[in-house]
Amino acid sequence: MKKLLVSFIFCGVGMVAVAQRAKVNSADDALAKKDYEKAKADIQAALENEKTKGDAKTWYVKGKILEAIATEKKDAQQALEAFEAYKKALDINAKLPDALLEMNQRMFNLYATIGNAGYGNLNDQKWDSAFVHFRDAFGVAEYYNGKNLGGSIPTDTSMIFYTGYAANQAGKKDEALPFLRKAADLQFKAEPALYVILAQTYEEKGDNANWIKTIEEAKAMFPKDKRFNDMEMIYYSKTGKTSELLSMLEKKMSENPNDFQTVLDYGIRVDNLANPRSDGKEEATKPANYDELMTKAENAYKKAIELKADDATANFQLGALYFNRAVGFNKELNSLDSKAQSSPKAKELQAKVTGLMDQALPFFEKADANFTAAGSLEPSDKQTFESCLYALQKIYAIKNETAKVEAVKKKLESL
């Protein structure tokens with residue numbers, strides 16, 4: 001009788017274990033039918049039992065249930081819980097057959113669900129939440145890719161950038177930097193803002209080597225974006241290296257005297273050296289060799305127009321050089337007191353203003369015509385076109401050419 005009793009007891013224990021494993025299978029079946037409540041209840045029962053809570057299959061099925069709910073409801077939190085369940089399953093048995101067959105797609109589903117939640121927060125300008133979701137998504141990818149299970153989640157350069165961008169916007173600049181740097185190393189081209197933010201970050205840190213490196217990368221990638229020329233000028237000005245820049249530009253010009261882009265670029269950079277801007281974008285103190293630099297810039301613009309007469313940017317730049325000098329003389333004229341307004345000095349300044357405006361006008365008109373003829377414009381060209389139209393409007397107003405003022409106004413409104 002005792003033997004029969006012992007046999008019965010062991011048989012009972014085996015039946016309990018089988019029953020709990022049946023709960024795992026039942027949860028899997030309920031999941032297939034999208035009966036999530038039953039699936040969750042059955043898998044929870046299996047997780048509360050000593051015989052099955054340490055089984056990799058139990059945790060794997062829990063991950064599948066949570067993954068399905070997270071994917072359907074676009075729920076990042078459920079996705080993270082599914083991720084933890086999958087990790088537990090792999091920690092118990094890294095060679096779990098189901099995992100080897102299916103885990104690549106399942107982990108990607110979690111990665112995408114969490115990442116998409118980040119993009120939703122990004123669109124709503126919820127920077128902290130966006131950063132956290134993006135970071136968690138990369139955590140899923142890094143974990144899975146490190147397991148060598150026969151698959152991988154590909155690198156998403158856009159998400160790397162937006163992770164850094166969200167962190168930067170949230171004020172977490174130290175956390176933003178590695179993501180921004182990685183996006184730049186991967187040559188992310190969709191957002192020039194990457195290089196603006198990255199350069200500013202290095203500037204703030206006093207990391208001059210990486211500051212100028214980032215500016216140079218940006219200029220090579222976005223040659224028409226004038227922001228990076230301006231940033232380069234700020235770099236050389238702040239680091240006291242304007243003479244080195246000028247020597248470098250002069251050397252490049254001497255090597256390529258008839259290359260249009262080289263000549264135009266030289267003129268723009270020398271013009272910027274002559275007219276530095278402070279951090280607040282207002283004019284800074286003019287360099288001692290201002291007149292020399294302005295003459296070099298003027299000659300370069302004229303050469304560029306000789307090489308490519310219909311180039312809108314070259315014509316605009318030469319017009320702007322004359323226009324800006326006229327504005328400077330006009331400020332000097334306006335600073336004179338009432339008695340001095342009729343003095344020879346005032347008349348001389350007024351003559352300079354009028355003469356320079358007259359010099360600028362045909363180049364602005366040529367730029368206007370060429371930008372108009374081009375139709376669709378790049379953002380940087382559109383910005384230049386706007387500046388050209390504002391200058392034209394100002395000159396026409398001074399000349400009392402009302403009809404032309406109105407025509408330019410309509411063009412500005414259409415932009």
# chains A, B, ... in the order shown; residues from 1 in each chain; ligands from 1
>>> residues_around(residues="Ala304 (chain A)", least_positions_apart="6", cutoff="12 Å", atoms="only C-alpha atoms", output="JSON list (two decimals) with N, CA and C atoms, in the first residue's frame")
[["chain", "number", "residue", "atom", "x", "y", "z"],
["A", 253, "MET", "N", 42.62, 79.92, -54.90],
["A", 253, "MET", "CA", 42.31, 80.79, -56.05],
["A", 253, "MET", "C", 43.41, 80.75, -57.09],
["A", 257, "PRO", "N", 42.14, 79.63, -61.08],
["A", 257, "PRO", "CA", 41.74, 81.02, -61.34],
["A", 257, "PRO", "C", 40.52, 81.15, -62.25],
["A", 258, "ASN", "N", 40.19, 80.12, -63.00],
["A", 258, "ASN", "CA", 39.07, 80.21, -63.94],
["A", 258, "ASN", "C", 37.94, 79.23, -63.60],
["A", 259, "ASP", "N", 37.99, 78.70, -62.39],
["A", 259, "ASP", "CA", 36.90, 77.82, -61.95],
["A", 259, "ASP", "C", 35.83, 78.68, -61.27],
["A", 260, "PHE", "N", 34.64, 78.73, -61.86],
["A", 260, "PHE", "CA", 33.60, 79.62, -61.38],
["A", 260, "PHE", "C", 33.31, 79.44, -59.90],
["A", 261, "GLN", "N", 33.09, 78.21, -59.47],
["A", 261, "GLN", "CA", 32.67, 77.98, -58.09],
["A", 261, "GLN", "C", 33.77, 78.38, -57.11],
["A", 262, "THR", "N", 35.02, 78.12, -57.48],
["A", 262, "THR", "CA", 36.15, 78.51, -56.62],
["A", 262, "THR", "C", 36.22, 80.03, -56.48],
["A", 263, "VAL", "N", 36.05, 80.71, -57.59],
["A", 263, "VAL", "CA", 36.12, 82.18, -57.59],
["A", 263, "VAL", "C", 34.97, 82.78, -56.77],
["A", 264, "LEU", "N", 33.77, 82.27, -56.99],
["A", 264, "LEU", "CA", 32.61, 82.79, -56.24],
["A", 264, "LEU", "C", 32.75, 82.50, -54.76],
["A", 265, "ASP", "N", 33.18, 81.29, -54.43],
["A", 265, "ASP", "CA", 33.36, 80.91, -53.02],
["A", 265, "ASP", "C", 34.39, 81.81, -52.36],
["A", 266, "TYR", "N", 35.47, 82.09, -53.08],
["A", 266, "TYR", "CA", 36.51, 82.99, -52.56],
["A", 266, "TYR", "C", 35.92, 84.37, -52.26],
["A", 267, "GLY", "N", 35.16, 84.90, -53.22],
["A", 267, "GLY", "CA", 34.56, 86.21, -53.01],
["A", 267, "GLY", "C", 33.66, 86.25, -51.80],
["A", 268, "ILE", "N", 32.81, 85.23, -51.64],
["A", 268, "ILE", "CA", 31.88, 85.18, -50.50],
["A", 268, "ILE", "C", 32.64, 85.12, -49.18],
["A", 297, "ALA", "N", 37.03, 91.02, -52.65],
["A", 297, "ALA", "CA", 35.72, 90.39, -52.83],
["A", 297, "ALA", "C", 35.04, 90.92, -54.09],
["A", 298, "GLU", "N", 35.09, 92.25, -54.28],
["A", 298, "GLU", "CA", 34.47, 92.87, -55.45],
["A", 298, "GLU", "C", 35.08, 92.31, -56.74],
["A", 310, "ASP", "N", 25.15, 84.71, -66.25],
["A", 310, "ASP", "CA", 23.75, 84.58, -65.84],
["A", 310, "ASP", "C", 23.58, 83.93, -64.47],
["A", 311, "ASP", "N", 24.65, 83.77, -63.73],
["A", 311, "ASP", "CA", 24.49, 83.15, -62.42],
["A", 311, "ASP", "C", 23.84, 84.13, -61.44],
["A", 312, "ALA", "N", 22.69, 83.72, -60.91],
["A", 312, "ALA", "CA", 21.92, 84.61, -60.04],
["A", 312, "ALA", "C", 22.67, 84.94, -58.75],
["A", 313, "THR", "N", 23.32, 83.94, -58.16],
["A", 313, "THR", "CA", 24.01, 84.16, -56.89],
["A", 313, "THR", "C", 25.17, 85.13, -57.04],
["A", 314, "ALA", "N", 25.96, 84.97, -58.09],
["A", 314, "ALA", "CA", 27.11, 85.86, -58.31],
["A", 314, "ALA", "C", 26.64, 87.30, -58.50],
["A", 315, "ASN", "N", 25.58, 87.48, -59.29],
["A", 315, "ASN", "CA", 25.04, 88.83, -59.48],
["A", 315, "ASN", "C", 24.49, 89.40, -58.18],
["A", 316, "PHE", "N", 23.81, 88.57, -57.43],
["A", 316, "PHE", "CA", 23.29, 89.04, -56.14],
["A", 316, "PHE", "C", 24.42, 89.47, -55.22],
["A", 317, "GLN", "N", 25.47, 88.66, -55.13],
["A", 317, "GLN", "CA", 26.57, 88.95, -54.21],
["A", 317, "GLN", "C", 27.25, 90.28, -54.54],
["A", 318, "LEU", "N", 27.45, 90.55, -55.82],
["A", 318, "LEU", "CA", 28.09, 91.83, -56.18],
["A", 318, "LEU", "C", 27.14, 92.98, -55.88]]
>>> closest_atom_pairs(of="region 204-228 of chain A", to="region 379-393 of chain A", cutoff="9 Å", atoms="only C-alpha atoms", output="Markdown table")
| residue | atom | partner | partner_atom | distance |
| --- | --- | --- | --- | --- |
| A:Lys224 | CA | A:Ser380 | CA | 6.5 |
| A:Asp225 | CA | A:Ser380 | CA | 5.7 |
| A:Lys226 | CA | A:Ser380 | CA | 7.1 |
>>> write_last_selection(atoms="N, CA, C and O atoms", output="CSV table (one decimal), in the first residue's frame")
chain,number,residue,atom,x,y,z
A,224,LYS,N,25.9,74.7,-51.0
A,224,LYS,CA,25.1,75.8,-51.2
A,224,LYS,C,24.5,76.5,-50.0
A,224,LYS,O,23.9,77.5,-50.0
A,225,ASP,N,24.7,75.8,-48.9
A,225,ASP,CA,24.1,76.3,-47.6
A,225,ASP,C,25.0,77.3,-47.0
A,225,ASP,O,26.1,77.0,-46.5
A,226,LYS,N,24.6,78.6,-47.0
A,226,LYS,CA,25.5,79.7,-46.6
A,226,LYS,C,25.8,79.7,-45.1
A,226,LYS,O,26.7,80.4,-44.7
>>> residues_around(residues="region 36-39 of chain A", least_positions_apart="3", cutoff="8 Å", atoms="only C-alpha atoms", output="PyMOL selection string")
chain A and resi 26-31+42-43+65+69
>>> write_last_selection(atoms="N, CA and C atoms", output="compact mmCIF listing (two decimals), in the first residue's frame")
# COMPACT_ATOMS: atom_id res chain seq x y z
N SER A 26 -1.85 26.58 -23.95
CA SER A 26 -3.19 27.21 -24.02
C SER A 26 -3.04 28.72 -24.28
N ALA A 27 -2.07 29.35 -23.61
CA ALA A 27 -1.83 30.78 -23.81
C ALA A 27 -1.43 31.04 -25.26
N ASP A 28 -0.59 30.16 -25.82
CA ASP A 28 -0.15 30.30 -27.22
C ASP A 28 -1.34 30.16 -28.18
N ASP A 29 -2.22 29.21 -27.87
CA ASP A 29 -3.41 29.00 -28.70
C ASP A 29 -4.34 30.21 -28.64
N ALA A 30 -4.52 30.74 -27.42
CA ALA A 30 -5.40 31.92 -27.25
C ALA A 30 -4.82 33.12 -28.00
N LEU A 31 -3.51 33.23 -27.99
CA LEU A 31 -2.86 34.32 -28.72
C LEU A 31 -3.15 34.20 -30.21
N ASP A 42 -3.56 32.74 -18.80
CA ASP A 42 -2.92 31.44 -18.82
C ASP A 42 -1.41 31.54 -18.63
N ILE A 43 -0.79 32.53 -19.28
CA ILE A 43 0.66 32.63 -19.16
C ILE A 43 1.05 33.10 -17.76
N ILE A 65 2.82 37.40 -26.52
CA ILE A 65 1.52 38.00 -26.18
C ILE A 65 1.65 39.51 -26.06
N ILE A 69 0.05 42.64 -28.52
CA ILE A 69 -0.75 43.75 -27.98
C ILE A 69 -0.07 45.08 -28.29
>>> select_by_dssp(residues="region 159-220 of chain A", states="helix (DSSP H, G or I)", output="NGL selection string")
:A and (159-169 or 173-185 or 193-205 or 208-220)
>>> residues_around(residues="Ala218 (chain A)", least_positions_apart="3", cutoff="9 Å", atoms="only C-alpha atoms", output="list in words")
Pro192, Leu194, Tyr195, Val196, Lys213, Thr214, Ile215, Met221, Phe222, Pro223, Asp225 and Phe228 of chain A
>>> atom_distance(atom1="CA of Arg277 (chain A)", atom2="CA of Arg227 (chain A)")
12.0 Å
>>> atom_distance(atom1="CA of Asp174 (chain A)", atom2="CA of Ala76 (chain A)")
25.0 Å
>>> residues_around(residues="Ala166 (chain A)", least_positions_apart="3", cutoff="12 Å", atoms="only C-alpha atoms", output="PyMOL selection string")
chain A and resi 118-135+159-163+169-173+175-177+179-180+194+197
>>> write_last_selection(atoms="C-alpha atoms", output="mmCIF file, in the first residue's frame")
data_model
loop_
_atom_site.group_PDB
_atom_site.id
_atom_site.type_symbol
_atom_site.label_atom_id
_atom_site.label_comp_id
_atom_site.auth_asym_id
_atom_site.auth_seq_id
_atom_site.Cartn_x
_atom_site.Cartn_y
_atom_site.Cartn_z
ATOM 1 C CA GLY A 118 9.473 58.450 -30.391
ATOM 2 C CA TYR A 119 8.597 59.988 -33.753
ATOM 3 C CA GLY A 120 5.091 60.750 -32.469
ATOM 4 C CA ASN A 121 6.575 62.589 -29.493
ATOM 5 C CA LEU A 122 9.024 64.355 -31.805
ATOM 6 C CA ASN A 123 6.177 65.688 -33.942
ATOM 7 C CA ASP A 124 4.450 66.931 -30.779
ATOM 8 C CA GLN A 125 7.727 68.533 -29.602
ATOM 9 C CA LYS A 126 7.767 66.356 -26.481
ATOM 10 C CA TRP A 127 11.525 66.237 -26.558
ATOM 11 C CA ASP A 128 12.208 64.285 -23.356
ATOM 12 C CA SER A 129 9.756 61.515 -24.228
ATOM 13 C CA ALA A 130 10.974 61.355 -27.814
ATOM 14 C CA PHE A 131 14.561 60.957 -26.634
ATOM 15 C CA VAL A 132 13.647 58.220 -24.141
ATOM 16 C CA HIS A 133 11.678 56.235 -26.732
ATOM 17 C CA PHE A 134 14.401 56.530 -29.357
ATOM 18 C CA ARG A 135 17.039 55.515 -26.836
ATOM 19 C CA MET A 159 16.634 57.753 -35.975
ATOM 20 C CA ILE A 160 20.195 58.199 -34.739
ATOM 21 C CA PHE A 161 20.023 61.862 -35.766
ATOM 22 C CA TYR A 162 16.583 62.443 -34.295
ATOM 23 C CA THR A 163 17.642 60.825 -31.020
ATOM 24 C CA GLN A 169 16.179 70.119 -27.672
ATOM 25 C CA ALA A 170 15.509 68.687 -24.216
ATOM 26 C CA GLY A 171 18.693 70.336 -22.946
ATOM 27 C CA LYS A 172 20.537 67.013 -22.596
ATOM 28 C CA LYS A 173 23.515 68.067 -24.667
ATOM 29 C CA GLU A 175 23.610 62.734 -24.075
ATOM 30 C CA ALA A 176 22.861 64.205 -27.496
ATOM 31 C CA LEU A 177 26.477 64.453 -28.640
ATOM 32 C CA PHE A 179 24.134 60.308 -31.364
ATOM 33 C CA LEU A 180 24.797 63.475 -33.372
ATOM 34 C CA LEU A 194 22.642 68.011 -37.756
ATOM 35 C CA ILE A 197 23.805 71.653 -33.876
#
